[in-house]
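Here is input_27.cif, consisting of mmCIF, C-alpha atoms and all ligand atoms:
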```cif
data_start
loop_
_atom_site.label_atom_id
_atom_site.label_comp_id
_atom_site.auth_asym_id
_atom_site.auth_seq_id
_atom_site.Cartn_x
_atom_site.Cartn_y
_atom_site.Cartn_z
CA MET A 1 50.48 -77.71 99.96
CA THR A 2 51.98 -77.60 103.37
CA ASP A 3 55.50 -77.66 102.04
CA GLN A 4 55.32 -74.22 100.42
CA PRO A 5 57.78 -71.64 101.73
CA GLU A 6 56.30 -69.37 104.38
CA GLU A 7 57.32 -66.12 102.65
CA ALA A 8 55.52 -67.17 99.49
CA ASN A 9 52.42 -67.88 101.54
CA GLY A 10 52.27 -64.31 102.79
CA ALA A 11 52.76 -62.76 99.34
CA ASP A 12 50.24 -65.15 97.76
CA ALA A 13 47.63 -64.36 100.37
CA HIS A 14 48.05 -60.68 99.70
CA ALA A 15 47.74 -61.17 95.92
CA VAL A 16 44.58 -63.27 96.37
CA SER A 17 43.01 -60.61 98.57
CA VAL A 18 43.77 -57.92 95.98
CA ALA A 19 42.03 -60.03 93.31
CA ALA A 20 39.07 -60.46 95.65
CA LEU A 21 38.82 -56.71 96.28
CA ASP A 22 38.91 -56.02 92.51
CA GLU A 23 36.04 -58.43 91.95
CA VAL A 24 34.05 -56.90 94.78
CA ALA A 25 34.50 -53.41 93.35
CA ALA A 26 33.35 -54.61 89.91
CA ALA A 27 30.28 -56.43 91.22
CA THR A 28 26.96 -54.97 90.03
CA GLU A 29 24.55 -57.30 91.82
CA THR A 30 24.34 -58.69 95.31
CA ALA A 31 24.18 -62.20 93.84
CA SER A 32 27.72 -61.86 92.48
CA LEU A 33 28.88 -60.67 95.92
CA ASP A 34 27.57 -63.94 97.36
CA ALA A 35 29.57 -65.85 94.75
CA ILE A 36 32.73 -63.86 95.54
CA ARG A 37 32.31 -64.53 99.23
CA ALA A 38 31.95 -68.28 98.59
CA ARG A 39 34.96 -68.37 96.28
CA TYR A 40 37.37 -66.51 98.56
CA LEU A 41 36.02 -66.99 102.06
CA GLY A 42 34.23 -70.35 101.73
CA ARG A 43 34.59 -72.50 104.82
CA GLY A 44 36.40 -75.47 103.22
CA ASP A 45 38.38 -74.35 100.21
CA GLY A 46 37.92 -70.60 99.89
CA LEU A 47 40.96 -69.10 98.18
CA LEU A 48 41.76 -67.01 101.29
CA THR A 49 40.54 -69.61 103.77
CA VAL A 50 43.22 -72.07 102.70
CA PHE A 51 45.93 -69.65 103.89
CA ARG A 52 44.40 -69.76 107.37
CA LYS A 53 44.76 -73.54 107.40
CA ARG A 54 48.43 -73.23 106.52
CA ILE A 55 49.17 -71.06 109.53
CA GLY A 56 49.31 -74.11 111.81
CA THR A 57 52.05 -75.68 109.69
CA ILE A 58 54.48 -72.82 110.26
CA ALA A 59 57.16 -73.96 112.72
CA ASP A 60 58.55 -70.62 113.91
CA PRO A 61 56.12 -69.12 116.51
CA GLU A 62 56.98 -65.52 115.57
CA ALA A 63 56.40 -66.16 111.86
CA ARG A 64 53.20 -68.11 112.66
CA ARG A 65 51.81 -65.21 114.67
CA ALA A 66 52.73 -62.66 111.99
CA MET A 67 51.19 -64.80 109.27
CA GLY A 68 48.05 -65.34 111.35
CA GLN A 69 47.61 -61.58 111.91
CA MET A 70 48.17 -60.85 108.22
CA VAL A 71 45.69 -63.45 106.91
CA ASN A 72 43.08 -62.40 109.48
CA ALA A 73 43.51 -58.78 108.44
CA LEU A 74 43.12 -59.73 104.76
CA VAL A 75 39.99 -61.79 105.44
CA GLU A 76 38.52 -58.94 107.46
CA ARG A 77 39.30 -56.45 104.72
CA VAL A 78 37.61 -58.56 102.00
CA THR A 79 34.62 -59.24 104.27
CA ASP A 80 34.21 -55.53 104.99
CA ALA A 81 34.53 -54.68 101.29
CA ILE A 82 31.81 -57.20 100.39
CA GLU A 83 29.44 -55.77 103.00
CA GLU A 84 30.17 -52.17 101.97
CA ARG A 85 29.55 -53.03 98.34
CA ARG A 86 26.36 -54.82 99.26
CA ALA A 87 25.10 -51.75 101.12
CA THR A 88 25.92 -49.48 98.15
CA LEU A 89 24.15 -51.74 95.67
CA SER A 90 21.06 -52.06 97.87
CA ALA A 91 20.91 -48.30 98.35
CA THR A 92 20.99 -47.57 94.59
CA ALA A 93 18.94 -50.57 93.46
CA ASP A 94 16.51 -51.10 96.33
CA GLY A 95 16.25 -54.59 94.97
CA ASP A 96 18.29 -57.39 93.58
CA GLY A 97 20.94 -55.33 91.74
CA ALA A 98 21.57 -52.43 89.39
CA ALA A 99 20.29 -54.37 86.38
CA ASP A 100 16.84 -54.31 87.98
CA ALA A 101 17.29 -50.78 89.28
CA ILE A 102 13.96 -49.36 88.13
CA ASP A 103 12.13 -47.25 90.64
CA LEU A 104 8.46 -47.57 89.74
CA THR A 105 7.54 -44.66 91.97
CA TRP A 106 9.52 -42.16 89.83
CA PRO A 107 7.42 -39.92 87.56
CA PRO A 108 7.85 -40.95 83.88
CA PRO A 109 9.70 -38.65 81.44
CA PRO A 110 7.29 -36.34 79.59
CA LEU A 111 5.77 -38.03 76.56
CA ARG A 112 6.12 -35.96 73.37
CA ARG A 113 2.94 -36.43 71.40
CA GLY A 114 2.96 -35.87 67.65
CA HIS A 115 0.54 -33.48 66.00
CA LEU A 116 -0.48 -32.41 62.53
CA HIS A 117 1.59 -29.96 60.51
CA PRO A 118 -0.22 -26.61 60.08
CA VAL A 119 -0.61 -27.27 56.33
CA SER A 120 -2.11 -30.72 56.96
CA ARG A 121 -4.47 -29.26 59.52
CA VAL A 122 -5.74 -26.53 57.18
CA PHE A 123 -5.98 -29.07 54.38
CA ARG A 124 -8.25 -31.24 56.52
CA ASP A 125 -10.31 -28.26 57.65
CA VAL A 126 -10.90 -27.16 54.06
CA ARG A 127 -12.01 -30.65 53.05
CA ARG A 128 -14.32 -30.89 56.04
CA ILE A 129 -15.90 -27.46 55.42
CA PHE A 130 -16.65 -28.20 51.79
CA ALA A 131 -17.87 -31.70 52.63
CA GLN A 132 -20.53 -29.96 54.74
CA LEU A 133 -21.65 -28.16 51.58
CA GLY A 134 -21.88 -31.43 49.65
CA TYR A 135 -18.60 -31.19 47.73
CA MET A 136 -16.86 -34.41 46.73
CA ALA A 137 -13.04 -34.52 46.82
CA VAL A 138 -11.44 -35.65 43.53
CA SER A 139 -7.88 -35.74 42.23
CA GLY A 140 -5.87 -35.54 39.01
CA PRO A 141 -2.31 -36.12 37.81
CA GLU A 142 0.52 -33.88 39.04
CA VAL A 143 2.46 -34.40 35.80
CA GLU A 144 -0.13 -32.88 33.52
CA TYR A 145 -0.47 -32.44 29.77
CA ASP A 146 0.17 -28.91 28.56
CA ARG A 147 -3.28 -29.14 26.95
CA TYR A 148 -5.10 -29.68 30.26
CA ASN A 149 -2.91 -27.34 32.28
CA PHE A 150 -3.25 -24.45 29.81
CA THR A 151 -5.20 -24.87 26.55
CA LEU A 152 -8.43 -26.35 27.93
CA VAL A 153 -8.62 -23.75 30.70
CA ASN A 154 -8.60 -21.00 28.10
CA MET A 155 -4.84 -20.40 27.89
CA PRO A 156 -4.05 -21.47 24.31
CA PRO A 157 -0.45 -21.75 23.01
CA GLY A 158 1.11 -18.30 22.73
CA HIS A 159 -1.29 -16.75 25.24
CA PRO A 160 0.62 -14.19 27.35
CA SER A 161 -0.86 -15.48 30.62
CA ARG A 162 1.19 -18.67 30.25
CA ASP A 163 4.29 -16.62 31.01
CA THR A 164 3.01 -15.71 34.46
CA GLN A 165 2.82 -19.33 35.62
CA ASP A 166 6.57 -19.98 36.16
CA THR A 167 6.17 -23.47 34.78
CA PHE A 168 8.34 -26.54 35.36
CA PHE A 169 8.40 -28.31 31.99
CA VAL A 170 8.73 -32.10 31.94
CA ASP A 171 8.95 -32.49 28.15
CA ASN A 172 7.35 -30.93 25.07
CA ASP A 173 3.85 -32.10 26.00
CA ARG A 174 3.87 -32.23 29.76
CA VAL A 175 4.44 -29.94 32.74
CA LEU A 176 4.28 -30.20 36.50
CA ARG A 177 0.80 -28.77 36.88
CA THR A 178 0.99 -25.10 37.83
CA HIS A 179 -2.47 -25.18 39.42
CA THR A 180 -5.22 -27.67 40.20
CA SER A 181 -7.50 -26.10 37.57
CA PRO A 182 -6.85 -28.77 34.90
CA VAL A 183 -8.88 -31.12 37.10
CA GLN A 184 -11.92 -28.87 36.43
CA VAL A 185 -12.02 -29.99 32.81
CA ARG A 186 -11.10 -33.59 33.67
CA SER A 187 -13.93 -33.73 36.19
CA MET A 188 -16.45 -32.19 33.73
CA ILE A 189 -15.51 -34.80 31.12
CA ILE A 190 -15.87 -37.64 33.65
CA ARG A 191 -18.91 -36.46 35.65
CA GLY A 192 -20.77 -34.03 33.40
CA ALA A 193 -23.31 -31.66 34.97
CA PRO A 194 -24.51 -30.99 37.59
CA GLN A 195 -21.59 -31.58 39.96
CA ARG A 196 -19.86 -30.16 43.01
CA VAL A 197 -16.23 -31.13 43.57
CA ILE A 198 -13.14 -29.92 45.34
CA VAL A 199 -9.64 -30.84 44.18
CA PRO A 200 -7.15 -30.86 47.04
CA GLY A 201 -3.64 -31.42 45.70
CA LYS A 202 -0.13 -30.22 44.95
CA ALA A 203 0.93 -27.74 42.30
CA TYR A 204 4.38 -26.55 41.21
CA ARG A 205 5.92 -23.24 40.13
CA ARG A 206 9.45 -21.86 39.82
CA ASP A 207 9.03 -19.42 42.67
CA TYR A 208 10.46 -19.10 46.20
CA ASP A 209 9.93 -16.29 48.69
CA ALA A 210 8.00 -15.59 51.90
CA THR A 211 4.65 -16.39 50.27
CA HIS A 212 5.58 -18.58 47.25
CA PHE A 213 7.02 -22.10 47.22
CA PRO A 214 8.15 -24.37 44.38
CA MET A 215 5.68 -26.99 45.60
CA PHE A 216 2.47 -25.87 47.24
CA PHE A 217 -0.96 -27.14 48.12
CA GLN A 218 -4.04 -25.88 46.41
CA VAL A 219 -7.69 -26.64 46.77
CA GLU A 220 -9.71 -26.10 43.65
CA GLY A 221 -13.48 -25.98 43.92
CA MET A 222 -16.12 -26.19 41.24
CA CYS A 223 -19.90 -26.14 41.23
CA ILE A 224 -21.92 -26.63 38.04
CA ASP A 225 -25.70 -26.67 37.83
CA SER A 226 -28.48 -24.84 36.08
CA GLY A 227 -28.91 -21.26 37.27
CA ILE A 228 -25.67 -20.94 39.26
CA ALA A 229 -24.82 -17.25 39.72
CA LEU A 230 -21.99 -15.16 41.18
CA SER A 231 -24.05 -14.68 44.35
CA ASP A 232 -23.81 -18.45 44.94
CA LEU A 233 -20.02 -18.17 44.79
CA LYS A 234 -20.07 -15.25 47.19
CA GLY A 235 -22.23 -17.11 49.72
CA THR A 236 -20.07 -20.23 49.45
CA LEU A 237 -16.82 -18.33 49.97
CA GLU A 238 -18.23 -16.33 52.85
CA PHE A 239 -19.28 -19.55 54.57
CA PHE A 240 -15.81 -20.95 53.97
CA ALA A 241 -13.89 -17.87 55.16
CA ARG A 242 -15.96 -17.56 58.33
CA SER A 243 -15.57 -21.26 59.09
CA VAL A 244 -11.78 -20.98 58.87
CA PHE A 245 -11.04 -17.53 60.26
CA GLY A 246 -14.01 -16.84 62.49
CA VAL A 247 -16.88 -14.41 62.03
CA ASP A 248 -14.94 -11.43 63.36
CA ARG A 249 -12.31 -11.46 60.60
CA ALA A 250 -13.04 -9.00 57.81
CA ILE A 251 -13.55 -10.32 54.27
CA ARG A 252 -13.80 -8.54 50.94
CA LEU A 253 -14.40 -9.55 47.33
CA ARG A 254 -12.50 -7.71 44.60
CA PRO A 255 -12.95 -7.86 40.84
CA HIS A 256 -10.01 -9.62 39.19
CA HIS A 257 -9.01 -11.36 35.98
CA PHE A 258 -8.43 -15.04 35.27
CA GLU A 259 -8.48 -16.72 31.87
CA PHE A 260 -10.78 -19.53 32.95
CA THR A 261 -13.45 -17.46 34.72
CA GLU A 262 -15.61 -14.53 33.66
CA PRO A 263 -16.33 -12.47 35.69
CA SER A 264 -13.48 -13.16 38.09
CA ILE A 265 -13.05 -12.19 41.74
CA GLU A 266 -10.48 -12.39 44.47
CA LEU A 267 -11.33 -12.98 48.12
CA ASP A 268 -9.28 -11.08 50.70
CA VAL A 269 -9.14 -11.61 54.46
CA SER A 270 -7.82 -9.02 56.88
CA CYS A 271 -4.17 -9.64 57.81
CA ALA A 272 -3.71 -11.81 60.92
CA VAL A 273 -0.21 -10.53 61.66
CA CYS A 274 -0.93 -6.79 61.83
CA GLY A 275 -4.71 -6.88 62.26
CA GLY A 276 -5.20 -4.62 59.22
CA GLU A 277 -2.58 -1.99 60.14
CA GLY A 278 -0.18 -3.01 57.35
CA CYS A 279 2.96 -5.16 57.65
CA LYS A 280 5.53 -7.07 55.61
CA LEU A 281 3.24 -10.05 55.04
CA CYS A 282 0.34 -8.01 53.66
CA LYS A 283 2.75 -5.59 51.96
CA GLY A 284 1.27 -2.76 53.98
CA SER A 285 -2.29 -3.16 52.70
CA GLY A 286 -3.80 -4.87 55.76
CA TRP A 287 -5.39 -7.47 53.45
CA LEU A 288 -4.27 -10.85 52.19
CA GLU A 289 -5.59 -12.51 49.10
CA ILE A 290 -6.58 -16.06 49.98
CA LEU A 291 -8.24 -17.24 46.83
CA GLY A 292 -9.35 -16.41 43.35
CA GLY A 293 -12.42 -17.54 41.54
CA GLY A 294 -15.32 -16.56 39.34
CA MET A 295 -17.94 -17.86 36.96
CA ILE A 296 -16.55 -20.64 34.77
CA HIS A 297 -15.80 -19.29 31.27
CA PRO A 298 -18.16 -20.75 28.63
CA ASN A 299 -15.11 -21.95 26.65
CA VAL A 300 -13.98 -24.02 29.62
CA LEU A 301 -17.46 -25.52 30.03
CA ARG A 302 -17.44 -26.42 26.33
CA ASN A 303 -13.97 -27.98 26.68
CA GLY A 304 -15.44 -30.21 29.38
CA ASN A 305 -18.42 -31.19 27.17
CA VAL A 306 -20.83 -29.15 29.31
CA ASP A 307 -23.40 -27.06 27.41
CA PRO A 308 -22.99 -23.43 28.58
CA THR A 309 -26.50 -22.58 27.39
CA ARG A 310 -27.99 -25.10 29.84
CA PHE A 311 -25.51 -24.99 32.72
CA SER A 312 -23.42 -22.41 34.49
CA GLY A 313 -20.99 -22.76 37.32
CA PHE A 314 -18.40 -21.17 39.51
CA ALA A 315 -14.88 -22.23 40.31
CA PHE A 316 -12.26 -21.08 42.80
CA GLY A 317 -8.73 -22.01 43.81
CA MET A 318 -6.91 -21.33 47.04
CA GLY A 319 -3.38 -21.74 48.34
CA VAL A 320 -3.39 -23.86 51.48
CA GLU A 321 -0.11 -22.37 52.77
CA ARG A 322 -1.54 -18.88 52.53
CA ILE A 323 -4.52 -19.92 54.61
CA ALA A 324 -2.26 -21.65 57.16
CA MET A 325 -0.15 -18.47 57.39
CA LEU A 326 -3.25 -16.37 57.97
CA ALA A 327 -4.89 -18.77 60.38
CA TYR A 328 -1.76 -19.14 62.53
CA GLY A 329 -0.16 -15.71 61.99
CA ILE A 330 2.98 -17.06 60.27
CA GLU A 331 4.94 -14.23 58.68
CA ASP A 332 7.32 -16.24 56.49
CA GLY A 333 5.72 -19.25 54.84
CA ARG A 334 9.10 -20.85 54.19
CA LEU A 335 9.01 -21.89 57.86
CA LEU A 336 6.29 -24.36 56.87
CA TYR A 337 8.77 -26.42 54.83
CA ASP A 338 12.13 -25.75 56.53
CA ASN A 339 11.46 -28.54 59.07
CA ASP A 340 12.98 -26.53 61.89
CA VAL A 341 11.83 -28.50 64.94
CA ARG A 342 11.52 -25.33 67.00
CA PHE A 343 8.78 -24.28 64.55
CA VAL A 344 7.25 -27.67 63.84
CA ARG A 345 6.87 -28.61 67.54
CA GLN A 346 4.65 -25.60 68.19
CA ARG A 347 1.00 -26.34 68.40
ZN ZN A 401 -0.33 -7.27 57.75
#
```
Represent the structure contained in this file as structure tokens.
Ligand SMILES: [Zn+2]
Amino acid sequence: MTDQPEEANGADAHAVSVAALDEVAAATETASLDAIRARYLGRGDGLLTVFRKRIGTIADPEARRAMGQMVNALVERVTDAIEERRATLSATADGDGAADAIDLTWPPPPLRRGHLHPVSRVFRDVRRIFAQLGYMAVSGPEVEYDRYNFTLVNMPPGHPSRDTQDTFFVDNDRVLRTHTSPVQVRSMIIRGAPQRVIVPGKAYRRDYDATHFPMFFQVEGMCIDSGIALSDLKGTLEFFARSVFGVDRAIRLRPHHFEFTEPSIELDVSCAVCGGEGCKLCKGSGWLEILGGGMIHPNVLRNGNVDPTRFSGFAFGMGVERIAMLAYGIEDGRLLYDNDVRFVRQR
């Protein structure tokens, strides 16, 4: 150790101090600074300390003094660097190091809470409103037999009204149901009369524009009992429309035509976007059709094994997207399914 050349001692000391400074700069916790200090500046065998001990072995007084000044300067520089680094780490961490650098007094980032999609919300509202009137929610298959989707609801093969349904065909016998009406007959066969049911579910048509979607939600409703009249339907739909849109929104019933009801009506609500002035959504009329319905056709009752001479009933079907558009003033219903977060995050 003591027989090393003096020149090498000076260069080595410098190299060791450079390594020490690199480690200090890379340190992320005060604990590692303590370790660096012990390794390089430790009293007995610190990697820089040993150079100090060698100073006394240098014979030439000039060289000894120069070496002494150099090693002292290097020790001072490493010591200063350690203390500077320690101050920086304490200032940023206020604790035991950057790994634990969590300031509990900082306000938390805003928490983004999820919420229901407008269609889900309307869907739930509709179910709740009809539950208040004693309606039970039932379901049926989405891949439906042609017979249930069309024939049993008074649209026999070859009937022109089948053309208006824009049907997705699955095979010769089955379709993606174009409406929830087939569940009317299914429910009659299962539950007989009297009964009150709603059928919330999906339906499918080959259609896509601002108010029509290839997959959409419908709620079908049906009430069968003895002595049910059109006035019962009117009262039920008025209760529903006022529950959803509020008492100040205008409502009107219009005569219409459906194959499975006779007489048939449509229920309109005044347009939410233009307030009745006329706009793109309401096609300038100021009114939006929200549902269709009527008195169940005697043929349909018979197809469900219900005796039309003893029982009568009404049925209606509504598009949930339409109601969501009206309730929230959405002009293009495609926004409901585009999953644009700027739209979906709105409440
Ligand atoms: Zn309008």
Please extract the residues at most 6 Å from ligand ZN 401 (chain A), counting only C-alpha atoms and all ligand atoms, and provide them as number ranges by chain, using the chain letters and residue numbers of this document.
-> A: 271, 273-274, 276, 278-279, 281-282, 286
Minimum-distance residue to Phe150 of chain A, chosen among A:Val300, A:Leu291, A:Val18, A:Leu335 (using only C-alpha atoms) =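 For Phe150 of chain A, the nearest of the given residues is A:Val300.
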Find the distance between atom CA of Gly284 of chain A and atom CA of His256 of chain A and write it in Å to one decimal.
->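 These atoms are spaced 19.8 Å apart.
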Name the residues in contact with Met295 of chain A at a cut-off of 8 Å, using all atoms listed in the file, excluding same-chain residues fewer than 6 positions from it; report them as a VMD selection string.
-> chain A and resid 229 to 230 261 to 264 312 to 315
Contacts of Arg186 of chain A within 12 Å, all atoms listed in the file, excl. fewer than 3 positions in-chain, as a list in words =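 Counting all atoms listed in the file, the residues come to Val138, Ser139, Gly140, Pro141, Glu144, Tyr145, Arg147, Tyr148, Asn149, Leu152, Val153, Thr180, Ser181, Pro182, Val183, Ile189, Ile190, Arg191, Gly192, Val197, Val199, Met222, Val300, Leu301, Asn303, Gly304, Asn305 and Val306 of chain A.
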C-alpha atoms of the current selection, written as a PDB file, keeping the file's coordinate frame:
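Below is the file selection-v1.pdb, written as the result:
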```
ATOM      1  CA  VAL A 138     -11.440 -35.650  43.530  1.00  0.00           C
ATOM      2  CA  SER A 139      -7.880 -35.740  42.230  1.00  0.00           C
ATOM      3  CA  GLY A 140      -5.870 -35.540  39.010  1.00  0.00           C
ATOM      4  CA  PRO A 141      -2.310 -36.120  37.810  1.00  0.00           C
ATOM      5  CA  GLU A 144      -0.130 -32.880  33.520  1.00  0.00           C
ATOM      6  CA  TYR A 145      -0.470 -32.440  29.770  1.00  0.00           C
ATOM      7  CA  ARG A 147      -3.280 -29.140  26.950  1.00  0.00           C
ATOM      8  CA  TYR A 148      -5.100 -29.680  30.260  1.00  0.00           C
ATOM      9  CA  ASN A 149      -2.910 -27.340  32.280  1.00  0.00           C
ATOM     10  CA  LEU A 152      -8.430 -26.350  27.930  1.00  0.00           C
ATOM     11  CA  VAL A 153      -8.620 -23.750  30.700  1.00  0.00           C
ATOM     12  CA  THR A 180      -5.220 -27.670  40.200  1.00  0.00           C
ATOM     13  CA  SER A 181      -7.500 -26.100  37.570  1.00  0.00           C
ATOM     14  CA  PRO A 182      -6.850 -28.770  34.900  1.00  0.00           C
ATOM     15  CA  VAL A 183      -8.880 -31.120  37.100  1.00  0.00           C
ATOM     16  CA  ILE A 189     -15.510 -34.800  31.120  1.00  0.00           C
ATOM     17  CA  ILE A 190     -15.870 -37.640  33.650  1.00  0.00           C
ATOM     18  CA  ARG A 191     -18.910 -36.460  35.650  1.00  0.00           C
ATOM     19  CA  GLY A 192     -20.770 -34.030  33.400  1.00  0.00           C
ATOM     20  CA  VAL A 197     -16.230 -31.130  43.570  1.00  0.00           C
ATOM     21  CA  VAL A 199      -9.640 -30.840  44.180  1.00  0.00           C
ATOM     22  CA  MET A 222     -16.120 -26.190  41.240  1.00  0.00           C
ATOM     23  CA  VAL A 300     -13.980 -24.020  29.620  1.00  0.00           C
ATOM     24  CA  LEU A 301     -17.460 -25.520  30.030  1.00  0.00           C
ATOM     25  CA  ASN A 303     -13.970 -27.980  26.680  1.00  0.00           C
ATOM     26  CA  GLY A 304     -15.440 -30.210  29.380  1.00  0.00           C
ATOM     27  CA  ASN A 305     -18.420 -31.190  27.170  1.00  0.00           C
ATOM     28  CA  VAL A 306     -20.830 -29.150  29.310  1.00  0.00           C
TER      29      VAL A 306
END
```
Take the point (-11.7, -17.6, 29.6) as written in the file and pick out every residue within 6 Å of it, counting only C-alpha atoms; give the list as a VMD selection string.
-> chain A and resid 154 259 to 261 297
Kindly save the residues from that selection, with C-alpha atoms included, as a JSON list (two decimals), keeping the file's coordinate frame.
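The new file again.json reads:
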```
[["chain", "number", "residue", "atom", "x", "y", "z"],
["A", 154, "ASN", "CA", -8.60, -21.00, 28.10],
["A", 259, "GLU", "CA", -8.48, -16.72, 31.87],
["A", 260, "PHE", "CA", -10.78, -19.53, 32.95],
["A", 261, "THR", "CA", -13.45, -17.46, 34.72],
["A", 297, "HIS", "CA", -15.80, -19.29, 31.27]]
```
Non-local contacts of segment 320-329 of chain A (10 Å; all atoms listed in the file; under 4 positions in same chain excluded) as a PyMOL selection string | chain A and resi 117-123+126+200-202+211-213+216-219+241+244-246+269-275+281+288-291+333-337+347
Resulting file, chosen residues, C-alpha atoms, as a PDB file, in the coordinates of the input:
```
ATOM      1  CA  HIS A 117       1.590 -29.960  60.510  1.00  0.00           C
ATOM      2  CA  PRO A 118      -0.220 -26.610  60.080  1.00  0.00           C
ATOM      3  CA  VAL A 119      -0.610 -27.270  56.330  1.00  0.00           C
ATOM      4  CA  SER A 120      -2.110 -30.720  56.960  1.00  0.00           C
ATOM      5  CA  ARG A 121      -4.470 -29.260  59.520  1.00  0.00           C
ATOM      6  CA  VAL A 122      -5.740 -26.530  57.180  1.00  0.00           C
ATOM      7  CA  PHE A 123      -5.980 -29.070  54.380  1.00  0.00           C
ATOM      8  CA  VAL A 126     -10.900 -27.160  54.060  1.00  0.00           C
ATOM      9  CA  PRO A 200      -7.150 -30.860  47.040  1.00  0.00           C
ATOM     10  CA  GLY A 201      -3.640 -31.420  45.700  1.00  0.00           C
ATOM     11  CA  LYS A 202      -0.130 -30.220  44.950  1.00  0.00           C
ATOM     12  CA  THR A 211       4.650 -16.390  50.270  1.00  0.00           C
ATOM     13  CA  HIS A 212       5.580 -18.580  47.250  1.00  0.00           C
ATOM     14  CA  PHE A 213       7.020 -22.100  47.220  1.00  0.00           C
ATOM     15  CA  PHE A 216       2.470 -25.870  47.240  1.00  0.00           C
ATOM     16  CA  PHE A 217      -0.960 -27.140  48.120  1.00  0.00           C
ATOM     17  CA  GLN A 218      -4.040 -25.880  46.410  1.00  0.00           C
ATOM     18  CA  VAL A 219      -7.690 -26.640  46.770  1.00  0.00           C
ATOM     19  CA  ALA A 241     -13.890 -17.870  55.160  1.00  0.00           C
ATOM     20  CA  VAL A 244     -11.780 -20.980  58.870  1.00  0.00           C
ATOM     21  CA  PHE A 245     -11.040 -17.530  60.260  1.00  0.00           C
ATOM     22  CA  GLY A 246     -14.010 -16.840  62.490  1.00  0.00           C
ATOM     23  CA  VAL A 269      -9.140 -11.610  54.460  1.00  0.00           C
ATOM     24  CA  SER A 270      -7.820  -9.020  56.880  1.00  0.00           C
ATOM     25  CA  CYS A 271      -4.170  -9.640  57.810  1.00  0.00           C
ATOM     26  CA  ALA A 272      -3.710 -11.810  60.920  1.00  0.00           C
ATOM     27  CA  VAL A 273      -0.210 -10.530  61.660  1.00  0.00           C
ATOM     28  CA  CYS A 274      -0.930  -6.790  61.830  1.00  0.00           C
ATOM     29  CA  GLY A 275      -4.710  -6.880  62.260  1.00  0.00           C
ATOM     30  CA  LEU A 281       3.240 -10.050  55.040  1.00  0.00           C
ATOM     31  CA  LEU A 288      -4.270 -10.850  52.190  1.00  0.00           C
ATOM     32  CA  GLU A 289      -5.590 -12.510  49.100  1.00  0.00           C
ATOM     33  CA  ILE A 290      -6.580 -16.060  49.980  1.00  0.00           C
ATOM     34  CA  LEU A 291      -8.240 -17.240  46.830  1.00  0.00           C
ATOM     35  CA  GLY A 333       5.720 -19.250  54.840  1.00  0.00           C
ATOM     36  CA  ARG A 334       9.100 -20.850  54.190  1.00  0.00           C
ATOM     37  CA  LEU A 335       9.010 -21.890  57.860  1.00  0.00           C
ATOM     38  CA  LEU A 336       6.290 -24.360  56.870  1.00  0.00           C
ATOM     39  CA  TYR A 337       8.770 -26.420  54.830  1.00  0.00           C
ATOM     40  CA  ARG A 347       1.000 -26.340  68.400  1.00  0.00           C
TER      41      ARG A 347
END
```
How many Å lie between atom CA of Gly235 of chain A and atom CA of Ile251 of chain A, rounded to one decimal?
->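 Taking atom CA of Gly235 of chain A and atom CA of Ile251 of chain A, their separation equals 11.9 Å.
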Non-local contacts of Val75 of chain A (9 Å; all atoms listed in the file; under 5 positions in same chain excluded) as a VMD selection string | chain A and resid 17 40 to 41 48 to 49 70 80
Distance in Å - atom CA of Leu253 of chain A versus atom CA of Lys234 of chain A = 8.0 Å
Tell me which of A:Trp287, A:Pro156, A:Leu33, A:Ala250 sits closest to Ala87 of chain A, counting only C-alpha atoms.
-> A:Leu33
